[in-house]
$ cat start-v8.csv   # CSV, C-alpha atoms
chain,number,residue,atom,x,y,z
N,1,MET,CA,5.2,-112.9,-14.1
N,2,PHE,CA,3.3,-110.0,-15.6
N,3,ALA,CA,4.5,-108.0,-18.6
N,4,ARG,CA,4.8,-104.9,-16.4
N,5,HIS,CA,7.4,-106.8,-14.3
N,6,PHE,CA,9.5,-107.6,-17.3
N,7,GLU,CA,9.3,-104.0,-18.4
N,8,ALA,CA,10.3,-102.7,-15.0
N,9,LEU,CA,13.3,-105.1,-14.9
N,10,GLN,CA,14.3,-103.9,-18.4
N,11,ARG,CA,14.0,-100.2,-17.3
N,12,ALA,CA,16.3,-101.1,-14.3
N,13,GLY,CA,18.9,-102.4,-16.7
N,14,VAL,CA,18.2,-106.1,-16.2
N,15,LYS,CA,18.5,-108.1,-19.4
N,16,VAL,CA,15.4,-110.2,-19.8
N,17,ARG,CA,15.8,-113.1,-22.2
N,18,ALA,CA,12.4,-114.7,-21.7
N,19,PRO,CA,9.5,-113.6,-23.9
N,20,VAL,CA,7.1,-111.2,-22.4
N,21,VAL,CA,4.2,-113.3,-23.6
N,22,ALA,CA,4.6,-117.1,-23.8
N,23,ARG,CA,2.6,-120.3,-23.6
N,24,LYS,CA,2.2,-121.7,-20.1
N,25,PRO,CA,3.8,-125.2,-20.2
N,26,THR,CA,1.1,-126.9,-18.1
N,27,GLU,CA,2.4,-130.3,-19.2
N,28,LEU,CA,5.4,-129.7,-16.9
N,29,LEU,CA,3.2,-129.4,-13.8
N,30,PRO,CA,2.6,-132.5,-11.8
N,31,SER,CA,-0.9,-134.0,-12.0
N,32,PRO,CA,-3.3,-133.0,-9.2
N,33,ASP,CA,-3.4,-136.7,-8.2
N,34,SER,CA,0.3,-136.9,-7.7
N,35,ASP,CA,0.2,-135.1,-4.3
N,36,SER,CA,0.4,-137.6,-1.4
N,37,ALA,CA,-0.2,-137.1,2.3
N,38,GLU,CA,3.3,-138.4,3.0
N,39,ARG,CA,5.0,-135.7,0.8
N,40,ARG,CA,2.8,-132.8,2.0
N,41,VAL,CA,4.6,-130.2,4.1
N,42,ALA,CA,1.7,-127.7,4.4
N,43,GLN,CA,-1.9,-127.4,3.6
N,44,PHE,CA,-4.2,-124.3,3.5
N,45,VAL,CA,-7.6,-124.8,5.0
N,46,SER,CA,-10.0,-122.0,4.2
N,47,ALA,CA,-12.7,-120.6,6.4
N,48,PRO,CA,-16.2,-122.0,6.0
N,49,TYR,CA,-17.9,-120.7,2.9
N,50,ALA,CA,-20.6,-119.1,5.1
N,51,GLN,CA,-18.1,-116.6,6.4
N,52,TYR,CA,-17.1,-115.6,2.8
N,53,ALA,CA,-20.8,-115.3,1.9
N,54,ARG,CA,-21.5,-113.0,4.9
N,55,LEU,CA,-18.6,-110.8,3.9
N,56,ILE,CA,-19.7,-110.7,0.3
N,57,LEU,CA,-23.2,-109.7,1.2
N,58,LYS,CA,-22.2,-107.3,4.0
N,59,VAL,CA,-19.8,-105.1,2.1
N,60,SER,CA,-20.8,-106.0,-1.5
N,61,LEU,CA,-17.4,-107.6,-2.0
N,62,ASN,CA,-17.4,-108.1,-5.8
N,63,LEU,CA,-14.0,-109.7,-5.9
N,64,GLY,CA,-15.3,-112.3,-3.4
N,65,ALA,CA,-18.5,-112.8,-5.4
N,66,ASN,CA,-16.4,-113.4,-8.5
N,67,LEU,CA,-14.2,-115.8,-6.6
N,68,SER,CA,-17.1,-117.7,-5.3
N,69,LEU,CA,-18.0,-118.9,-8.8
N,70,THR,CA,-14.5,-120.2,-9.2
N,71,LEU,CA,-14.6,-121.9,-5.8
N,72,PHE,CA,-18.0,-123.4,-6.7
N,73,GLY,CA,-16.5,-124.8,-9.9
N,74,LEU,CA,-13.5,-126.3,-8.1
N,75,ALA,CA,-15.9,-128.0,-5.6
N,76,HIS,CA,-17.5,-129.7,-8.6
N,77,GLY,CA,-14.2,-130.7,-10.3
N,78,GLN,CA,-14.1,-127.8,-12.8
N,79,TRP,CA,-10.8,-126.0,-13.2
N,80,THR,CA,-11.9,-123.3,-15.6
N,81,LEU,CA,-14.4,-120.4,-15.5
N,82,PRO,CA,-16.4,-121.9,-18.4
N,83,GLY,CA,-16.6,-125.2,-16.6
N,84,ALA,CA,-17.7,-123.4,-13.4
N,85,LEU,CA,-20.4,-121.6,-15.3
N,86,THR,CA,-21.6,-124.9,-16.8
N,87,VAL,CA,-22.0,-126.6,-13.4
N,88,GLU,CA,-23.6,-123.5,-12.0
N,89,ARG,CA,-26.2,-123.6,-14.8
N,90,GLN,CA,-26.8,-127.3,-14.3
N,91,THR,CA,-27.3,-126.6,-10.6
N,92,LEU,CA,-29.8,-123.8,-11.2
N,93,ILE,CA,-31.7,-125.0,-14.3
N,94,ASP,CA,-33.3,-128.4,-14.8
N,95,GLY,CA,-33.2,-130.4,-18.0
N,96,ASN,CA,-36.3,-128.6,-19.3
N,97,GLY,CA,-34.7,-125.1,-19.0
N,98,ASN,CA,-36.7,-124.2,-15.9
N,99,LEU,CA,-35.4,-123.0,-12.6
N,100,ARG,CA,-35.0,-125.8,-10.1
N,101,ARG,CA,-37.3,-125.8,-7.1
N,102,GLY,CA,-36.2,-123.3,-4.4
N,103,VAL,CA,-34.1,-121.2,-6.8
N,104,GLN,CA,-35.2,-117.5,-7.1
N,105,LEU,CA,-33.5,-115.0,-9.3
N,106,SER,CA,-33.9,-111.2,-9.0
N,107,ASP,CA,-35.8,-109.4,-11.8
N,108,GLN,CA,-32.5,-108.2,-13.3
N,109,CYS,CA,-31.2,-111.8,-13.6
N,110,GLN,CA,-34.3,-113.0,-15.4
N,111,ARG,CA,-34.0,-110.5,-18.3
N,112,GLU,CA,-32.5,-111.6,-21.6
N,113,PRO,CA,-28.9,-110.2,-22.1

$ encode --input "start-v8.csv" --output "structure tokens"
Amino acid sequence: MFARHFEALQRAGVKVRAPVVARKPTELLPSPDSDSAERRVAQFVSAPYAQYARLILKVSLNLGANLSLTLFGLAHGQWTLPGALTVERQTLIDGNGNLRRGVQLSDQCQREP
């Protein structure tokens, strides 16, 4: 829940006892490996990535472009953005710091930050 939701509830007279900002107790979540096919009641299957890529390129969908990095990371076992960036770099750059064969960056991407 976002802080603005807590604030809206408080403005409406609802007493909120939970802290607005708190640590997420991830240790209470089941492990990703604990899901079994026998217990599954639903599963979301996304469209092929090529459809997302077409949409991203067609309408310059920045949200989709940002999401694609996260999806790339997840496909490589990374659950965080820094992890996704690491595997992206490993995919694009070889061990010597050179672009892998077949990778082309625009002039803007090749400039130093």

$ residues_around --input "start-v8.csv" --residues "Ser68 of chain N" --least-positions-apart "2" --cutoff "10 Å" --atoms "only C-alpha atoms" --output "list in words"
Tyr49, Tyr52, Ala53, Ile56, Asn62, Leu63, Gly64, Ala65, Asn66, Thr70, Leu71, Phe72, Gly73, Leu74 and Ala84 of chain N

$ closest_residue --input "start-v8.csv" --among "N:Leu99, N:Leu69, N:Leu9, N:Val45" --to "Val87 of chain N" --atoms "only C-alpha atoms"
N:Leu69

$ closest_residue --input "start-v8.csv" --among "N:Leu28, N:Arg4, N:Glu88, N:Gly13" --to "Ala75 of chain N" --atoms "all atoms listed in the file"
N:Glu88

$ closest_residue --input "start-v8.csv" --among "N:Thr80, N:Lys15, N:Ile93, N:Gln104" --to "Leu67 of chain N" --atoms "all atoms listed in the file"
N:Thr80

$ atom_distance --input "start-v8.csv" --atom1 "atom CA of Gly95 of chain N" --atom2 "atom CA of Gly77 of chain N"
20.5 Å

$ atom_distance --input "start-v8.csv" --atom1 "atom CA of Gln10 of chain N" --atom2 "atom CA of Ala22 of chain N"
17.2 Å

$ atom_distance --input "start-v8.csv" --atom1 "atom CA of Pro25 of chain N" --atom2 "atom CA of Ala3 of chain N"
17.3 Å
